$ cat target28.csv   # CSV, C-alpha atoms
chain,number,residue,atom,x,y,z
A,1,MET,CA,101.7,44.1,147.9
A,2,LYS,CA,102.4,42.1,151.1
A,3,THR,CA,100.3,39.1,152.0
A,4,VAL,CA,98.4,39.3,155.3
A,5,SER,CA,98.0,35.9,157.0
A,6,LEU,CA,95.1,34.7,159.0
A,7,GLU,CA,97.4,34.5,162.0
A,8,GLU,CA,98.2,38.2,161.7
A,9,LEU,CA,94.5,39.0,161.5
A,10,LEU,CA,93.8,36.9,164.6
A,11,GLU,CA,96.6,38.4,166.6
A,12,ALA,CA,95.3,41.9,165.7
A,13,GLY,CA,91.9,41.1,167.0
A,14,CYS,CA,90.1,41.5,163.7
A,15,HIS,CA,87.8,38.6,164.4
A,16,PHE,CA,85.9,40.2,167.4
A,17,GLY,CA,82.5,41.5,166.4
A,18,HIS,CA,79.8,43.2,168.4
A,19,GLN,CA,77.3,41.7,170.7
A,20,VAL,CA,74.8,39.4,169.1
A,21,SER,CA,72.0,41.8,170.0
A,22,ARG,CA,73.6,44.5,167.9
A,23,GLN,CA,73.9,42.4,164.7
A,24,ASN,CA,73.0,43.9,161.3
A,25,SER,CA,71.1,41.1,159.5
A,26,LYS,CA,72.9,42.0,156.2
A,27,ALA,CA,76.2,41.1,157.8
A,28,LYS,CA,75.2,37.5,158.4
A,29,GLU,CA,77.5,36.1,155.7
A,30,TYR,CA,80.6,37.5,157.3
A,31,ILE,CA,79.9,36.0,160.8
A,32,PHE,CA,81.7,32.7,161.6
A,33,GLU,CA,79.9,32.0,164.9
A,34,ALA,CA,78.6,33.5,168.2
A,35,ARG,CA,80.6,32.9,171.3
A,36,ASP,CA,79.6,34.2,174.8
A,37,LYS,CA,77.0,36.4,173.1
A,38,ILE,CA,79.8,38.0,170.9
A,39,HIS,CA,79.9,37.5,167.2
A,40,ILE,CA,83.1,36.1,165.7
A,41,ILE,CA,83.9,37.4,162.2
A,42,ASP,CA,85.1,34.9,159.5
A,43,LEU,CA,88.7,35.9,159.0
A,44,GLU,CA,88.8,34.1,155.6
A,45,LYS,CA,86.2,36.8,154.5
A,46,THR,CA,88.3,39.5,156.2
A,47,LYS,CA,91.4,38.5,154.3
A,48,GLU,CA,89.5,38.3,151.0
A,49,GLY,CA,87.9,41.7,151.5
A,50,LEU,CA,91.2,43.3,152.5
A,51,GLU,CA,93.1,42.0,149.5
A,52,ASP,CA,90.3,43.1,147.1
A,53,ALA,CA,90.3,46.5,148.6
A,54,GLY,CA,94.1,46.7,148.4
A,55,LYS,CA,94.0,45.9,144.7
A,56,PHE,CA,91.4,48.6,144.1
A,57,ILE,CA,93.3,51.2,146.1
A,58,LYS,CA,96.6,50.4,144.3
A,59,ASP,CA,95.0,50.7,140.9
A,60,LEU,CA,93.4,54.0,141.8
A,61,ALA,CA,96.7,55.4,143.0
A,62,LYS,CA,98.4,54.2,139.8
A,63,ARG,CA,95.9,56.1,137.8
A,64,ASN,CA,96.6,59.2,139.8
A,65,GLY,CA,93.1,59.2,141.3
A,66,THR,CA,92.1,60.9,144.5
A,67,ILE,CA,90.8,59.3,147.8
A,68,LEU,CA,89.1,60.8,150.9
A,69,VAL,CA,90.0,59.0,154.1
A,70,LEU,CA,87.3,59.2,156.7
A,71,GLY,CA,87.9,58.3,160.4
A,72,THR,CA,86.4,60.4,163.1
A,73,LYS,CA,86.5,57.9,166.0
A,74,ARG,CA,89.2,58.5,168.6
A,75,GLN,CA,91.1,55.2,168.0
A,76,ALA,CA,91.1,55.8,164.2
A,77,GLU,CA,92.4,59.4,164.4
A,78,THR,CA,95.5,58.3,166.3
A,79,VAL,CA,96.3,55.4,164.0
A,80,LEU,CA,95.7,57.6,160.9
A,81,GLN,CA,98.2,60.2,162.2
A,82,GLU,CA,100.8,57.5,162.8
A,83,GLU,CA,100.3,55.9,159.4
A,84,ARG,CA,100.2,59.2,157.6
A,85,LYS,CA,103.6,60.2,158.8
A,86,LYS,CA,105.1,57.0,157.1
A,87,LEU,CA,104.0,58.3,153.7
A,88,SER,CA,106.1,60.7,151.7
A,89,ASP,CA,104.8,63.9,150.2
A,90,GLU,CA,104.6,62.2,146.8
A,91,ASP,CA,102.5,59.4,148.3
A,92,LEU,CA,100.2,61.9,150.0
A,93,ALA,CA,99.4,63.6,146.7
A,94,GLY,CA,95.7,62.9,146.0
A,95,MET,CA,94.9,61.7,149.5
A,96,TYR,CA,92.7,63.8,151.8
A,97,PHE,CA,91.5,63.3,155.3
A,98,VAL,CA,88.5,64.0,157.5
A,99,THR,CA,89.1,63.1,161.2
A,100,LYS,CA,86.9,65.5,163.2
A,101,ARG,CA,83.4,65.4,161.8
A,102,TRP,CA,81.7,64.5,158.5
A,103,ILE,CA,80.1,67.6,157.0
A,104,GLY,CA,76.9,66.6,155.2
A,105,GLY,CA,76.9,67.5,151.5
A,106,THR,CA,80.7,67.0,151.1
A,107,LEU,CA,80.0,64.6,148.2
A,108,THR,CA,76.5,65.5,147.1
A,109,ASN,CA,76.7,69.3,147.4
A,110,TYR,CA,80.4,69.9,146.8
A,111,THR,CA,80.0,73.4,145.3
A,112,GLU,CA,78.4,74.8,148.5
A,113,VAL,CA,80.7,73.0,150.9
A,114,ALA,CA,83.8,74.2,148.9
A,115,LYS,CA,82.9,77.8,149.8
A,116,ASN,CA,84.1,77.0,153.3
A,117,TYR,CA,87.4,75.8,151.9
A,118,LYS,CA,87.9,79.2,150.3
A,119,LYS,CA,86.8,80.9,153.5
A,120,LEU,CA,89.5,79.0,155.4
A,121,LYS,CA,92.2,79.8,152.9
A,122,ASP,CA,91.3,83.5,152.9
A,123,LEU,CA,91.4,83.7,156.7
A,124,SER,CA,94.7,81.9,156.9
A,125,VAL,CA,96.2,84.4,154.4
A,126,LYS,CA,94.9,87.4,156.2
A,127,LEU,CA,96.1,86.3,159.6
A,128,LYS,CA,99.6,85.7,158.2
A,129,ASP,CA,99.9,89.1,156.6
A,130,PRO,CA,101.2,91.8,159.0
A,131,ARG,CA,99.9,94.7,156.9
A,132,GLU,CA,96.4,93.1,156.7
A,133,LYS,CA,96.4,92.5,160.5
A,134,ALA,CA,97.3,96.1,161.2
A,135,LYS,CA,94.0,97.2,159.8
A,136,TYR,CA,91.9,95.5,162.5
A,137,THR,CA,91.6,95.4,166.3
A,138,LYS,CA,92.9,92.6,168.5
A,139,LYS,CA,89.3,91.6,169.2
A,140,GLU,CA,88.5,91.2,165.5
A,141,LEU,CA,91.7,89.3,164.9
A,142,SER,CA,90.9,87.0,167.8
A,143,GLY,CA,87.5,86.3,166.4
A,144,TRP,CA,89.0,85.5,163.1
A,145,ASP,CA,91.5,83.1,164.6
A,146,LYS,CA,88.8,81.2,166.5
A,147,ASN,CA,86.8,80.9,163.3
A,148,ARG,CA,89.9,79.7,161.5
A,149,VAL,CA,90.7,77.1,164.1
A,150,LYS,CA,87.1,75.8,163.9
A,151,LEU,CA,87.2,75.6,160.1
A,152,GLU,CA,90.6,74.0,160.2
A,153,GLY,CA,89.2,71.2,162.4
A,154,PHE,CA,86.4,70.5,159.9
A,155,TYR,CA,88.1,71.2,156.6
A,156,GLY,CA,91.8,71.2,157.2
A,157,GLY,CA,92.3,67.8,155.6
A,158,VAL,CA,90.2,68.5,152.5
A,159,VAL,CA,90.8,72.3,152.0
A,160,ASN,CA,93.0,71.6,148.9
A,161,MET,CA,90.7,68.9,147.5
A,162,PRO,CA,90.0,70.2,143.9
A,163,ALA,CA,86.8,68.2,143.3
A,164,VAL,CA,84.8,65.3,144.5
A,165,PRO,CA,87.2,62.4,145.3
A,166,ASP,CA,87.4,59.3,143.1
A,167,ALA,CA,86.9,57.0,146.2
A,168,LEU,CA,86.2,57.0,149.9
A,169,PHE,CA,87.9,55.0,152.6
A,170,ILE,CA,85.7,54.7,155.7
A,171,ILE,CA,87.1,53.4,159.0
A,172,ASP,CA,83.7,52.7,160.7
A,173,THR,CA,80.9,52.4,158.1
A,174,HIS,CA,78.2,52.1,160.8
A,175,GLN,CA,79.2,55.4,162.5
A,176,GLU,CA,79.8,57.1,159.1
A,177,HIS,CA,76.6,55.8,157.5
A,178,VAL,CA,75.7,59.4,156.3
A,179,ALA,CA,79.0,59.6,154.3
A,180,ALA,CA,78.5,56.0,153.0
A,181,GLY,CA,75.0,57.0,151.8
A,182,GLU,CA,76.3,60.1,150.1
A,183,ALA,CA,78.9,58.1,148.3
A,184,LEU,CA,76.4,55.6,147.1
A,185,LYS,CA,74.1,58.4,145.9
A,186,ALA,CA,77.0,60.1,144.1
A,187,GLY,CA,78.2,56.9,142.5
A,188,ILE,CA,81.6,57.1,144.3
A,189,PRO,CA,83.2,53.7,145.1
A,190,THR,CA,83.9,53.0,148.8
A,191,VAL,CA,86.3,50.9,150.8
A,192,GLY,CA,85.2,50.4,154.4
A,193,ILE,CA,85.7,48.4,157.6
A,194,THR,CA,82.3,46.8,158.3
A,195,ASP,CA,81.8,45.4,161.7
A,196,THR,CA,78.9,43.0,162.5
A,197,ASN,CA,76.6,46.0,163.3
A,198,ALA,CA,77.1,47.6,159.9
A,199,ASP,CA,75.5,47.2,156.5
A,200,PRO,CA,78.1,45.8,154.1
A,201,THR,CA,75.8,46.0,151.1
A,202,ILE,CA,76.2,49.8,150.7
A,203,ILE,CA,80.1,49.5,150.5
A,204,SER,CA,81.8,48.7,147.2
A,205,TYR,CA,84.7,46.9,148.9
A,206,PRO,CA,83.7,45.8,152.4
A,207,ILE,CA,86.4,44.6,154.9
A,208,PRO,CA,84.6,42.7,157.6
A,209,ALA,CA,86.6,43.3,160.7
A,210,ASN,CA,86.7,44.7,164.2
A,211,ASP,CA,86.5,48.5,163.9
A,212,ASP,CA,87.2,49.3,167.6
A,213,ALA,CA,90.4,47.5,168.4
A,214,VAL,CA,93.5,49.6,167.8
A,215,GLY,CA,95.4,46.5,166.6
A,216,SER,CA,92.8,45.7,164.0
A,217,LEU,CA,92.6,49.3,162.7
A,218,LYS,CA,96.4,49.6,162.5
A,219,LEU,CA,96.7,46.5,160.5
A,220,ILE,CA,94.0,47.3,158.0
A,221,ILE,CA,94.9,51.0,157.6
A,222,SER,CA,98.6,50.3,157.2
A,223,TYR,CA,97.7,47.7,154.5
A,224,ILE,CA,95.5,50.2,152.6
A,225,PHE,CA,98.1,53.0,152.9
A,226,GLU,CA,100.9,50.6,151.6
A,227,ALA,CA,98.7,49.7,148.7
A,228,TRP,CA,98.2,53.4,147.9
A,229,SER,CA,102.0,54.0,148.2
A,230,GLU,CA,102.8,51.1,145.8
A,231,GLY,CA,100.3,52.5,143.3
A,232,LYS,CA,101.9,55.9,143.5
A,233,LYS,CA,105.4,54.4,142.9
A,234,GLY,CA,103.9,52.5,139.9
A,235,ALA,CA,102.5,55.8,138.5
A,236,ALA,CA,105.9,57.5,138.9
A,237,ALA,CA,107.6,54.6,137.1
A,238,ASP,CA,105.0,54.7,134.3
A,239,ALA,CA,105.5,58.5,133.9
A,240,VAL,CA,109.3,58.0,133.6
A,241,GLU,CA,108.8,55.3,131.0
A,242,LYS,CA,106.3,57.4,129.0
A,243,ALA,CA,108.7,60.4,129.1
A,244,ALA,CA,111.4,58.1,127.7
A,245,LYS,CA,109.2,56.8,125.0
A,246,ASP,CA,108.0,60.3,124.0
A,247,ALA,CA,111.6,61.5,123.9
A,248,LYS,CA,112.6,58.5,121.7
A,249,ALA,CA,109.6,59.1,119.4
A,250,ALA,CA,110.5,62.8,119.1
A,251,GLU,CA,114.1,61.9,118.2
A,252,ASP,CA,113.0,59.4,115.6
A,253,ALA,CA,110.7,62.0,114.1
A,254,GLN,CA,113.5,64.5,113.8
A,255,LYS,CA,115.8,62.0,112.1
A,256,ALA,CA,113.0,61.1,109.7
A,257,GLU,CA,112.4,64.7,108.9
A,258,ALA,CA,116.1,65.4,108.3
A,259,LYS,CA,116.3,62.3,106.1
A,260,ALA,CA,113.3,63.5,104.1
A,261,LYS,CA,115.0,66.9,103.4
A,262,GLU,CA,118.2,65.2,102.2
A,263,ALA,CA,116.4,62.8,99.8
A,264,PRO,CA,115.5,65.3,97.0
A,265,VAL,CA,119.1,66.6,96.8
A,266,LYS,CA,120.5,63.2,96.2
A,267,GLN,CA,117.8,62.4,93.6
A,268,GLU,CA,118.6,65.6,91.6
A,269,ALA,CA,122.3,64.6,91.5
A,270,LYS,CA,121.4,61.3,89.8
A,271,VAL,CA,119.3,62.8,87.0
A,272,GLU,CA,121.1,62.3,83.6
A,273,ALA,CA,121.1,64.9,80.8
A,274,PRO,CA,118.3,64.3,78.3
A,275,LYS,CA,119.4,62.3,75.2
A,276,LYS,CA,119.3,63.9,71.8
A,277,ALA,CA,116.8,62.5,69.4
A,278,PRO,CA,118.4,60.7,66.3
A,279,GLU,CA,118.7,62.8,63.2
A,280,LYS,CA,116.2,61.9,60.5
A,281,GLU,CA,117.6,61.0,57.0
A,282,ALA,CA,116.8,63.4,54.2
A,283,PRO,CA,114.0,62.1,52.0
A,284,VAL,CA,115.0,60.9,48.5
A,285,LYS,CA,113.6,63.0,45.7
A,286,LYS,CA,111.6,61.2,42.9
A,287,GLU,CA,113.5,62.9,40.1
A,288,ASN,CA,116.8,61.5,41.3
A,289,VAL,CA,115.4,57.9,41.4
A,290,GLU,CA,114.1,58.2,37.7
A,291,LYS,CA,117.5,59.5,36.5
A,292,LYS,CA,119.4,56.5,38.1
A,293,VAL,CA,117.0,54.0,36.5
A,294,ALA,CA,117.5,55.6,33.0
A,295,GLU,CA,121.3,55.4,33.3
A,296,LYS,CA,121.1,51.7,34.2
A,297,LYS,CA,119.1,50.9,31.0
A,298,LYS,CA,121.7,52.5,28.8
$ encode --input "target28.csv" --output "structure tokens"
Amino acid sequence: MKTVSLEELLEAGCHFGHQVSRQNSKAKEYIFEARDKIHIIDLEKTKEGLEDAGKFIKDLAKRNGTILVLGTKRQAETVLQEERKKLSDEDLAGMYFVTKRWIGGTLTNYTEVAKNYKKLKDLSVKLKDPREKAKYTKKELSGWDKNRVKLEGFYGGVVNMPAVPDALFIIDTHQEHVAAGEALKAGIPTVGITDTNADPTIISYPIPANDDAVGSLKLIISYIFEAWSEGKKGAAADAVEKAAKDAKAAEDAQKAEAKAKEAPVKQEAKVEAPKKAPEKEAPVKKENVEKKVAEKKK
């Protein structure tokens, strides 16, 4: 992954926090100083948090995990669209988006919320089928389309999400505190941009930074997306390597099996004919011995 310098963070405006009066007491350790009644964020902590989050995201992508990106504020929606276009279809696999409004229960009551995903899919299929559309009036079809557009806005980015995601990336953890709470309750790790008015203790990988400035959002989101892309490329490389190893193992197994079949044939060729047992001498009769002794005496 690329290294982000303190100068880059400074130029992007990541150091500007909120007014002193809006401070969350739990964010105190990330504040460098107060200047003109505005908190200045410690960019050393920002850099450290961003790098830790990037490592987690890269590892998650390499394990073929899933992530839900949540950014409903206007500035974030624009940046997310731009950064999303830079990713390939392979990189986008396992990545889902919510950019309009967080629907309560998405993480803690997935089964019920997923019914709306199915409803959206069914409506989309019906409205694309000419034979199905012919069965209904224009008014009914218009009502369906309005409902589809509404559902598309809420669930379009997660409609194909098969289960609860493995992680959550939150652009503004203060604004999206409900989602952060759901993730905490469900035991789902979170990566989030935590400004001085947010509680960083409920986020697994907090990135203390300005969550309003477009420059700050662009830098952080692009870094996280690049980490995800690198992880996906690593997963693809591992899959190729594993396939090669499996093919080699299968080939070796076939050779071993063929060798095992040939071994008994060679062994049988080396087997010698059994040797004949030596013939036993005929026993000497007692009468013959006595006759010989008598002849010698004469």
$ residues_around --input "target28.csv" --residues "Gln19 of chain A" --least-positions-apart "5" --cutoff "7 Å" --atoms "all atoms listed in the file" --output "ChimeraX atom specification"
/A:37-39
$ atom_distance --input "target28.csv" --atom1 "atom CA of Pro162 of chain A" --atom2 "atom CA of Arg101 of chain A"
19.7 Å
$ residues_around --input "target28.csv" --residues "Arg148 of chain A" --least-positions-apart "4" --cutoff "10 Å" --atoms "only C-alpha atoms" --output "list in words"
Lys119, Leu120, Lys121, Asp122, Leu123, Ser124, Leu127, Ser142, Gly143, Trp144, Glu152, Gly153, Phe154, Tyr155 and Gly156 of chain A
$ closest_residue --input "target28.csv" --among "A:Lys55, A:Lys62, A:Lys26, A:Arg84" --to "Ser222 of chain A" --atoms "only C-alpha atoms"
A:Arg84
$ atom_distance --input "target28.csv" --atom1 "atom CA of Thr46 of chain A" --atom2 "atom CA of Glu82 of chain A"
22.9 Å
$ atom_distance --input "target28.csv" --atom1 "atom CA of Lys85 of chain A" --atom2 "atom CA of Phe97 of chain A"
13.0 Å
$ closest_atom_pairs --input "target28.csv" --of "segment 122-222 of chain A" --to "segment 3-17 of chain A" --cutoff "12 Å" --atoms "all atoms listed in the file" --output "Markdown table"
| residue | atom | partner | partner_atom | distance |
| --- | --- | --- | --- | --- |
| A:Ile193 | CA | A:Cys14 | CA | 10.2 |
| A:Thr194 | CA | A:Gly17 | CA | 9.7 |
| A:Asp195 | CA | A:Gly17 | CA | 6.1 |
| A:Thr196 | CA | A:Gly17 | CA | 5.5 |
| A:Asn197 | CA | A:Gly17 | CA | 8.0 |
| A:Ala198 | CA | A:Gly17 | CA | 10.4 |
| A:Ile207 | CA | A:Cys14 | CA | 10.0 |
| A:Pro208 | CA | A:Cys14 | CA | 8.3 |
| A:Ala209 | CA | A:Cys14 | CA | 4.9 |
| A:Asn210 | CA | A:Cys14 | CA | 4.7 |
| A:Asp211 | CA | A:Cys14 | CA | 7.9 |
| A:Asp212 | CA | A:Gly17 | CA | 9.2 |
| A:Ala213 | CA | A:Gly13 | CA | 6.7 |
| A:Val214 | CA | A:Ala12 | CA | 8.2 |
| A:Gly215 | CA | A:Ala12 | CA | 4.7 |
| A:Ser216 | CA | A:Ala12 | CA | 4.9 |
| A:Leu217 | CA | A:Cys14 | CA | 8.3 |
| A:Lys218 | CA | A:Ala12 | CA | 8.4 |
| A:Leu219 | CA | A:Ala12 | CA | 7.1 |
| A:Ile220 | CA | A:Cys14 | CA | 9.0 |
| A:Ser222 | CA | A:Val4 | CA | 11.2 |
$ residues_around --input "target28.csv" --residues "Leu60 of chain A" --least-positions-apart "4" --cutoff "9 Å" --atoms "all atoms listed in the file" --output "count of residues only"
11
$ decode --input "target28.csv" --residues "segment 145-161 of chain A" --atoms "N, CA and C atoms" --output "PDB file, in the first residue's frame"
ATOM      1  N   ASP A 145     -43.527   1.402 -10.519  1.00  0.00           N
ATOM      2  CA  ASP A 145     -42.252   2.022 -10.857  1.00  0.00           C
ATOM      3  C   ASP A 145     -41.827   3.024  -9.784  1.00  0.00           C
ATOM      4  N   LYS A 146     -42.781   3.776  -9.249  1.00  0.00           N
ATOM      5  CA  LYS A 146     -42.466   4.722  -8.172  1.00  0.00           C
ATOM      6  C   LYS A 146     -41.949   3.975  -6.944  1.00  0.00           C
ATOM      7  N   ASN A 147     -42.599   2.862  -6.647  1.00  0.00           N
ATOM      8  CA  ASN A 147     -42.170   2.042  -5.505  1.00  0.00           C
ATOM      9  C   ASN A 147     -40.769   1.466  -5.743  1.00  0.00           C
ATOM     10  N   ARG A 148     -40.526   1.065  -6.994  1.00  0.00           N
ATOM     11  CA  ARG A 148     -39.213   0.509  -7.337  1.00  0.00           C
ATOM     12  C   ARG A 148     -38.119   1.555  -7.166  1.00  0.00           C
ATOM     13  N   VAL A 149     -38.392   2.777  -7.635  1.00  0.00           N
ATOM     14  CA  VAL A 149     -37.411   3.866  -7.530  1.00  0.00           C
ATOM     15  C   VAL A 149     -37.103   4.169  -6.066  1.00  0.00           C
ATOM     16  N   LYS A 150     -38.148   4.160  -5.244  1.00  0.00           N
ATOM     17  CA  LYS A 150     -37.968   4.424  -3.819  1.00  0.00           C
ATOM     18  C   LYS A 150     -37.102   3.332  -3.171  1.00  0.00           C
ATOM     19  N   LEU A 151     -37.423   2.077  -3.463  1.00  0.00           N
ATOM     20  CA  LEU A 151     -36.655   0.959  -2.916  1.00  0.00           C
ATOM     21  C   LEU A 151     -35.227   0.949  -3.444  1.00  0.00           C
ATOM     22  N   GLU A 152     -35.090   1.336  -4.715  1.00  0.00           N
ATOM     23  CA  GLU A 152     -33.758   1.387  -5.331  1.00  0.00           C
ATOM     24  C   GLU A 152     -32.870   2.385  -4.594  1.00  0.00           C
ATOM     25  N   GLY A 153     -33.466   3.499  -4.174  1.00  0.00           N
ATOM     26  CA  GLY A 153     -32.700   4.509  -3.446  1.00  0.00           C
ATOM     27  C   GLY A 153     -32.205   4.008  -2.110  1.00  0.00           C
ATOM     28  N   PHE A 154     -33.038   3.243  -1.433  1.00  0.00           N
ATOM     29  CA  PHE A 154     -32.672   2.720  -0.113  1.00  0.00           C
ATOM     30  C   PHE A 154     -31.792   1.474  -0.182  1.00  0.00           C
ATOM     31  N   TYR A 155     -32.137   0.575  -1.100  1.00  0.00           N
ATOM     32  CA  TYR A 155     -31.502  -0.756  -1.093  1.00  0.00           C
ATOM     33  C   TYR A 155     -30.710  -1.103  -2.352  1.00  0.00           C
ATOM     34  N   GLY A 156     -30.630  -0.170  -3.298  1.00  0.00           N
ATOM     35  CA  GLY A 156     -29.955  -0.475  -4.562  1.00  0.00           C
ATOM     36  C   GLY A 156     -28.521  -0.956  -4.396  1.00  0.00           C
ATOM     37  N   GLY A 157     -27.810  -0.404  -3.405  1.00  0.00           N
ATOM     38  CA  GLY A 157     -26.411  -0.769  -3.211  1.00  0.00           C
ATOM     39  C   GLY A 157     -26.196  -2.028  -2.396  1.00  0.00           C
ATOM     40  N   VAL A 158     -27.273  -2.558  -1.813  1.00  0.00           N
ATOM     41  CA  VAL A 158     -27.131  -3.752  -0.958  1.00  0.00           C
ATOM     42  C   VAL A 158     -28.067  -4.879  -1.374  1.00  0.00           C
ATOM     43  N   VAL A 159     -28.803  -4.683  -2.468  1.00  0.00           N
ATOM     44  CA  VAL A 159     -29.828  -5.651  -2.861  1.00  0.00           C
ATOM     45  C   VAL A 159     -29.243  -7.046  -3.108  1.00  0.00           C
ATOM     46  N   ASN A 160     -27.983  -7.097  -3.525  1.00  0.00           N
ATOM     47  CA  ASN A 160     -27.352  -8.400  -3.797  1.00  0.00           C
ATOM     48  C   ASN A 160     -26.458  -8.879  -2.653  1.00  0.00           C
ATOM     49  N   MET A 161     -26.518  -8.197  -1.518  1.00  0.00           N
ATOM     50  CA  MET A 161     -25.725  -8.610  -0.360  1.00  0.00           C
ATOM     51  C   MET A 161     -26.327  -9.888   0.223  1.00  0.00           C
TER      52      MET A 161
END
